[in-house]
$ cat upload-v7.cif   # mmCIF, C-alpha atoms
data_entry
#
loop_
_atom_site.label_atom_id
_atom_site.label_comp_id
_atom_site.auth_asym_id
_atom_site.auth_seq_id
_atom_site.Cartn_x
_atom_site.Cartn_y
_atom_site.Cartn_z
CA MET A 1 166.01 -125.15 -40.57
CA SER A 2 162.79 -125.11 -38.73
CA LYS A 3 161.92 -122.04 -36.77
CA GLN A 4 163.87 -121.99 -33.49
CA ASN A 5 161.66 -122.16 -30.44
CA ASP A 6 160.67 -118.82 -28.93
CA ARG A 7 161.71 -119.70 -25.39
CA SER A 8 164.66 -119.24 -23.08
CA PRO A 9 167.16 -122.11 -22.92
CA THR A 10 166.73 -124.54 -20.03
CA GLN A 11 169.57 -124.98 -17.53
CA PRO A 12 170.69 -128.26 -19.14
CA GLU A 13 170.67 -126.52 -22.54
CA GLN A 14 172.74 -123.64 -21.17
CA ARG A 15 175.33 -126.10 -19.81
CA LEU A 16 175.54 -127.89 -23.17
CA MET A 17 175.75 -124.64 -25.11
CA GLY A 18 178.77 -123.71 -22.99
CA ARG A 19 180.35 -127.14 -23.31
CA TYR A 20 179.91 -127.36 -27.09
CA PRO A 21 180.79 -124.02 -28.72
CA GLU A 22 180.36 -123.44 -32.45
CA THR A 23 183.17 -124.79 -34.66
CA ASP A 24 183.80 -124.97 -38.41
CA THR A 25 181.65 -128.12 -38.50
CA PHE A 26 179.26 -127.85 -35.52
CA LEU A 27 176.50 -125.47 -34.44
CA TRP A 28 174.55 -125.98 -31.21
CA ARG A 29 170.82 -126.29 -31.88
CA ASN A 30 167.85 -127.90 -30.16
CA GLU A 31 164.57 -128.36 -32.02
CA ASN A 32 162.82 -129.85 -28.98
CA PRO A 33 160.13 -127.34 -27.93
CA LYS A 34 160.47 -128.21 -24.23
CA GLY A 35 164.26 -128.09 -24.25
CA HIS A 36 164.75 -131.81 -23.68
CA ILE A 37 168.20 -132.90 -24.81
CA SER A 38 168.09 -136.69 -25.05
CA ASP A 39 166.15 -139.61 -26.51
CA ASP A 40 164.68 -137.70 -29.47
CA CYS A 41 167.64 -137.19 -31.82
CA VAL A 42 165.83 -138.54 -34.88
CA ILE A 43 162.90 -136.16 -34.35
CA ARG A 44 165.23 -133.19 -33.77
CA ALA A 45 167.26 -134.09 -36.89
CA ILE A 46 164.25 -134.52 -39.17
CA ALA A 47 162.61 -131.34 -37.85
CA GLY A 48 165.83 -129.39 -38.44
CA ALA A 49 166.32 -130.79 -41.93
CA SER A 50 162.70 -130.67 -43.12
CA GLY A 51 161.60 -127.37 -41.64
CA LYS A 52 158.68 -129.10 -39.90
CA SER A 53 157.94 -128.61 -36.25
CA TRP A 54 159.19 -131.14 -33.70
CA TYR A 55 155.55 -132.05 -32.89
CA GLU A 56 154.64 -132.61 -36.55
CA VAL A 57 157.60 -134.95 -37.08
CA PHE A 58 156.86 -136.74 -33.79
CA ASP A 59 153.24 -137.37 -34.78
CA GLU A 60 154.01 -138.44 -38.37
CA LEU A 61 156.86 -140.75 -37.36
CA ASN A 62 154.74 -142.38 -34.68
CA ILE A 63 152.06 -143.20 -37.26
CA VAL A 64 154.67 -145.02 -39.36
CA ARG A 65 156.07 -146.76 -36.28
CA ARG A 66 152.59 -147.91 -35.28
CA GLU A 67 151.79 -149.20 -38.79
CA ALA A 68 155.12 -151.02 -38.97
CA ALA A 69 154.95 -152.16 -35.33
CA ARG A 70 158.60 -151.14 -35.05
CA VAL A 71 160.54 -148.37 -33.32
CA ASP A 72 163.91 -149.04 -34.94
CA LYS A 73 165.64 -147.61 -38.02
CA THR A 74 163.34 -149.61 -40.32
CA ALA A 75 160.46 -147.26 -39.44
CA ILE A 76 162.73 -144.21 -39.76
CA LYS A 77 163.86 -145.28 -43.24
CA LYS A 78 160.26 -145.91 -44.29
CA TYR A 79 159.15 -142.51 -42.97
CA LEU A 80 161.96 -140.65 -44.74
CA ALA A 81 161.27 -142.48 -48.03
CA GLN A 82 157.57 -141.54 -47.76
CA LYS A 83 158.57 -137.90 -47.27
CA GLY A 84 160.81 -137.78 -50.37
CA TRP A 85 164.24 -138.42 -48.85
CA SER A 86 166.75 -140.75 -50.53
CA ILE A 87 169.14 -142.85 -48.51
CA ARG A 88 172.81 -142.71 -49.46
CA LYS A 89 175.46 -145.26 -48.63
CA GLN A 90 178.07 -144.57 -45.98
CA PRO A 91 180.63 -142.24 -47.55
CA ARG A 92 184.15 -143.62 -47.80
CA ARG A 93 187.43 -142.36 -49.15
CA ALA A 94 189.14 -144.03 -52.12
CA ASP A 95 191.16 -146.20 -49.68
CA GLY A 96 187.95 -147.41 -47.99
CA THR A 97 188.34 -145.45 -44.75
CA LYS A 98 185.33 -143.77 -43.20
CA TYR A 99 184.70 -140.06 -42.71
CA THR A 100 184.10 -138.53 -39.31
CA GLY A 101 181.28 -136.03 -39.08
CA ALA A 102 183.79 -133.15 -39.18
CA GLU A 103 185.59 -134.59 -42.21
CA PHE A 104 182.28 -135.21 -43.99
CA CYS A 105 181.12 -131.63 -43.34
CA LYS A 106 184.41 -130.31 -44.74
CA TRP A 107 184.11 -132.62 -47.78
CA LEU A 108 180.53 -131.38 -48.37
CA SER A 109 181.66 -127.75 -48.05
CA VAL A 110 184.40 -128.24 -50.67
CA ASN A 111 182.31 -130.27 -53.12
CA TYR A 112 179.02 -128.40 -52.69
CA PRO A 113 180.22 -124.87 -51.79
CA ASN A 114 176.90 -123.23 -52.56
CA GLY A 115 174.88 -125.61 -50.40
CA GLU A 116 173.58 -127.51 -53.43
CA LEU A 117 172.66 -130.60 -51.41
CA GLY A 118 170.58 -128.59 -48.99
CA ARG A 119 169.85 -130.05 -45.60
CA ILE A 120 171.00 -133.57 -44.84
CA ILE A 121 170.00 -136.17 -42.25
CA ALA A 122 172.84 -138.46 -41.20
CA ASP A 123 173.47 -141.44 -38.97
CA ILE A 124 176.56 -140.63 -36.93
CA GLY A 125 178.40 -142.87 -34.52
CA GLY A 126 176.15 -145.84 -35.29
CA HIS A 127 173.30 -144.87 -32.96
CA HIS A 128 172.70 -141.14 -33.30
CA ILE A 129 170.91 -139.14 -36.02
CA VAL A 130 171.80 -135.52 -36.82
CA CYS A 131 170.88 -132.72 -39.19
CA ILE A 132 173.73 -131.40 -41.36
CA CYS A 133 172.95 -128.03 -42.86
CA PRO A 134 174.72 -125.54 -45.12
CA THR A 135 175.40 -122.37 -43.14
CA GLU A 136 176.66 -118.97 -44.19
CA HIS A 137 180.45 -118.90 -44.33
CA GLY A 138 180.87 -115.19 -43.95
CA ASP A 139 182.47 -114.49 -47.32
CA GLY A 140 179.07 -114.14 -49.00
CA ILE A 141 179.99 -116.71 -51.61
CA ASN A 142 180.54 -120.14 -50.09
CA CYS A 143 178.78 -122.02 -47.31
CA ARG A 144 179.93 -124.42 -44.63
CA TYR A 145 178.05 -127.58 -43.85
CA LYS A 146 177.67 -128.06 -40.10
CA VAL A 147 176.17 -130.66 -37.79
CA LEU A 148 173.31 -129.03 -35.89
CA ASP A 149 172.64 -130.78 -32.61
CA THR A 150 172.65 -130.55 -28.82
CA TRP A 151 176.16 -132.01 -28.52
CA ASN A 152 179.18 -132.16 -30.80
CA SER A 153 179.34 -135.65 -32.30
CA THR A 154 181.52 -134.63 -35.26
CA GLY A 155 184.39 -136.87 -34.13
CA ARG A 156 182.29 -139.97 -34.79
CA CYS A 157 181.92 -141.72 -38.14
CA ILE A 158 179.15 -140.94 -40.59
CA GLY A 159 176.96 -143.88 -41.58
CA SER A 160 174.02 -143.78 -43.97
CA TRP A 161 172.75 -140.34 -44.87
CA TRP A 162 169.69 -138.90 -46.57
CA THR A 163 169.15 -136.06 -49.02
CA ARG A 164 166.03 -134.84 -50.72
CA ALA A 165 165.42 -137.19 -53.65
CA ASP A 166 165.61 -134.44 -56.25
CA VAL A 167 169.18 -133.24 -55.56
CA SER A 168 172.17 -134.10 -57.73
CA LEU A 169 175.14 -135.72 -56.01
CA THR A 170 177.57 -134.53 -58.70
CA PRO A 171 180.34 -132.50 -57.00
CA VAL A 172 181.16 -129.03 -58.38
CA ALA A 173 184.50 -130.20 -59.81
CA GLN A 174 182.75 -132.83 -61.97
CA ARG A 175 180.04 -130.55 -63.38
CA HIS A 176 180.36 -129.21 -66.92
#

$ encode --input "upload-v7.cif" --output "structure tokens"
Amino acid sequence: MSKQNDRSPTQPEQRLMGRYPETDTFLWRNENPKGHISDDCVIRAIAGASGKSWYEVFDELNIVRREAARVDKTAIKKYLAQKGWSIRKQPRRADGTKYTGAEFCKWLSVNYPNGELGRIIADIGGHHIVCICPTEHGDGINCRYKVLDTWNSTGRCIGSWWTRADVSLTPVAQRH
């Protein structure tokens, strides 16, 4: 995760922190340096996943948007590819059903219990981008993947997701 801002939470942030407590699959976090809580989810997610500052991601992404003359997901995909992230197809169960954010976090925690995938960027709910990060579980052995964001969107379905290009997607159970 990028370094959390050294500032006191704004009133809107305080309200959201109270409304969305930590769960097994969600941790409240805001990468925006001014405490804004809307309209910048992709920047917050990339900053949280990459360890870059919000401003650095904002500036770099805007260069790609300007070059592409687009502000949609096409520019986001191009930016992430340039930065070494690989897009993954929407995860589905064997019967074709989709995973919610909470179910996906639990699946990640079971299949990558040591945080092997590292930080993830995911499309959730069709129009929102979040950072999913392995967090300490408390037993000192395993981790829990959690959505880090300003509101709990874990009940919505996961769409495309991105990992660093150099990680293996082989679950623990399938490794030899």

$ closest_atom_pairs --input "upload-v7.cif" --of "region 10-95 of chain A" --to "region 127-136 of chain A" --cutoff "12 Å" --atoms "only C-alpha atoms" --output "Markdown table"
| residue | atom | partner | partner_atom | distance |
| --- | --- | --- | --- | --- |
| A:Glu22 | CA | A:Thr135 | CA | 11.8 |
| A:Thr23 | CA | A:Thr135 | CA | 11.8 |
| A:Asp24 | CA | A:Thr135 | CA | 10.0 |
| A:Thr25 | CA | A:Ile132 | CA | 9.0 |
| A:Phe26 | CA | A:Ile132 | CA | 8.8 |
| A:Leu27 | CA | A:Thr135 | CA | 9.3 |
| A:Trp28 | CA | A:Cys131 | CA | 11.1 |
| A:Arg29 | CA | A:Cys131 | CA | 9.7 |
| A:Asn30 | CA | A:Cys131 | CA | 10.7 |
| A:Glu31 | CA | A:Cys131 | CA | 10.5 |
| A:Ser38 | CA | A:His128 | CA | 10.4 |
| A:Asp39 | CA | A:His128 | CA | 9.6 |
| A:Asp40 | CA | A:Ile129 | CA | 9.2 |
| A:Cys41 | CA | A:Ile129 | CA | 5.7 |
| A:Val42 | CA | A:Ile129 | CA | 5.2 |
| A:Ile43 | CA | A:Ile129 | CA | 8.7 |
| A:Arg44 | CA | A:Val130 | CA | 7.6 |
| A:Ala45 | CA | A:Cys131 | CA | 4.5 |
| A:Ile46 | CA | A:Cys131 | CA | 6.9 |
| A:Ala47 | CA | A:Cys131 | CA | 8.5 |
| A:Gly48 | CA | A:Cys131 | CA | 6.1 |
| A:Ala49 | CA | A:Cys131 | CA | 5.7 |
| A:Ser50 | CA | A:Cys131 | CA | 9.3 |
| A:Gly51 | CA | A:Cys131 | CA | 11.0 |
| A:Asp72 | CA | A:His127 | CA | 10.5 |
| A:Lys73 | CA | A:His127 | CA | 9.6 |
| A:Ile76 | CA | A:Ile129 | CA | 10.3 |
| A:Lys77 | CA | A:Ile129 | CA | 11.8 |

$ residues_around --input "upload-v7.cif" --residues "Asn62 (chain A)" --least-positions-apart "4" --cutoff "10 Å" --atoms "only C-alpha atoms" --output "tab-separated table (two decimals) with C-alpha atoms, in the frame of the given file"
chain	number	residue	atom	x	y	z
A	56	GLU	CA	154.64	-132.61	-36.55
A	57	VAL	CA	157.60	-134.95	-37.08
A	58	PHE	CA	156.86	-136.74	-33.79
A	66	ARG	CA	152.59	-147.91	-35.28
A	67	GLU	CA	151.79	-149.20	-38.79
A	68	ALA	CA	155.12	-151.02	-38.97
A	69	ALA	CA	154.95	-152.16	-35.33
A	70	ARG	CA	158.60	-151.14	-35.05
A	71	VAL	CA	160.54	-148.37	-33.32
A	75	ALA	CA	160.46	-147.26	-39.44
A	76	ILE	CA	162.73	-144.21	-39.76
A	79	TYR	CA	159.15	-142.51	-42.97

$ closest_residue --input "upload-v7.cif" --among "A:Lys83, A:Pro113, A:Ser160, A:Gln14" --to "Lys52 (chain A)" --atoms "only C-alpha atoms"
A:Lys83

$ resolve_selection --input "upload-v7.cif" --expression "the PyMOL selection byres ((chain A and resi 162) around 9)" --output "ChimeraX atom specification"
/A:80,85-89,119-123,160-161,163-165

$ residues_around --input "upload-v7.cif" --residues "Phe104 (chain A)" --least-positions-apart "2" --cutoff "10 Å" --atoms "only C-alpha atoms" --output "PyMOL selection string"
chain A and resi 25+91-92+98-102+106-110+132+145-147+154+157-158

$ closest_residue --input "upload-v7.cif" --among "A:Leu117, A:Cys105, A:Ala94, A:Leu16" --to "Pro171 (chain A)" --atoms "only C-alpha atoms"
A:Leu117

$ decode --input "upload-v7.cif" --residues "region 55-81 of chain A" --atoms "C-alpha atoms" --output "CSV table (one decimal), in the first residue's frame"
chain,number,residue,atom,x,y,z
A,55,TYR,CA,-0.6,12.7,-7.3
A,56,GLU,CA,1.9,10.6,-9.2
A,57,VAL,CA,-0.8,8.2,-10.5
A,58,PHE,CA,-3.1,11.2,-11.4
A,59,ASP,CA,-0.4,12.9,-13.4
A,60,GLU,CA,0.8,9.7,-15.2
A,61,LEU,CA,-2.8,8.5,-16.0
A,62,ASN,CA,-3.7,12.0,-17.4
A,63,ILE,CA,-0.7,11.8,-19.8
A,64,VAL,CA,-2.1,8.5,-21.2
A,65,ARG,CA,-5.6,9.9,-21.3
A,66,ARG,CA,-4.4,13.0,-23.2
A,67,GLU,CA,-2.4,10.9,-25.7
A,68,ALA,CA,-5.3,8.5,-26.3
A,69,ALA,CA,-7.9,11.4,-26.2
A,70,ARG,CA,-10.0,9.2,-24.0
A,71,VAL,CA,-11.1,9.2,-20.4
A,72,ASP,CA,-12.7,5.7,-20.3
A,73,LYS,CA,-11.4,2.3,-19.4
A,74,THR,CA,-9.4,2.1,-22.7
A,75,ALA,CA,-6.9,4.6,-21.3
A,76,ILE,CA,-6.9,2.9,-17.9
A,77,LYS,CA,-6.1,-0.5,-19.5
A,78,LYS,CA,-3.3,1.1,-21.6
A,79,TYR,CA,-1.8,2.8,-18.5
A,80,LEU,CA,-1.8,-0.4,-16.5
A,81,ALA,CA,-0.2,-2.4,-19.3
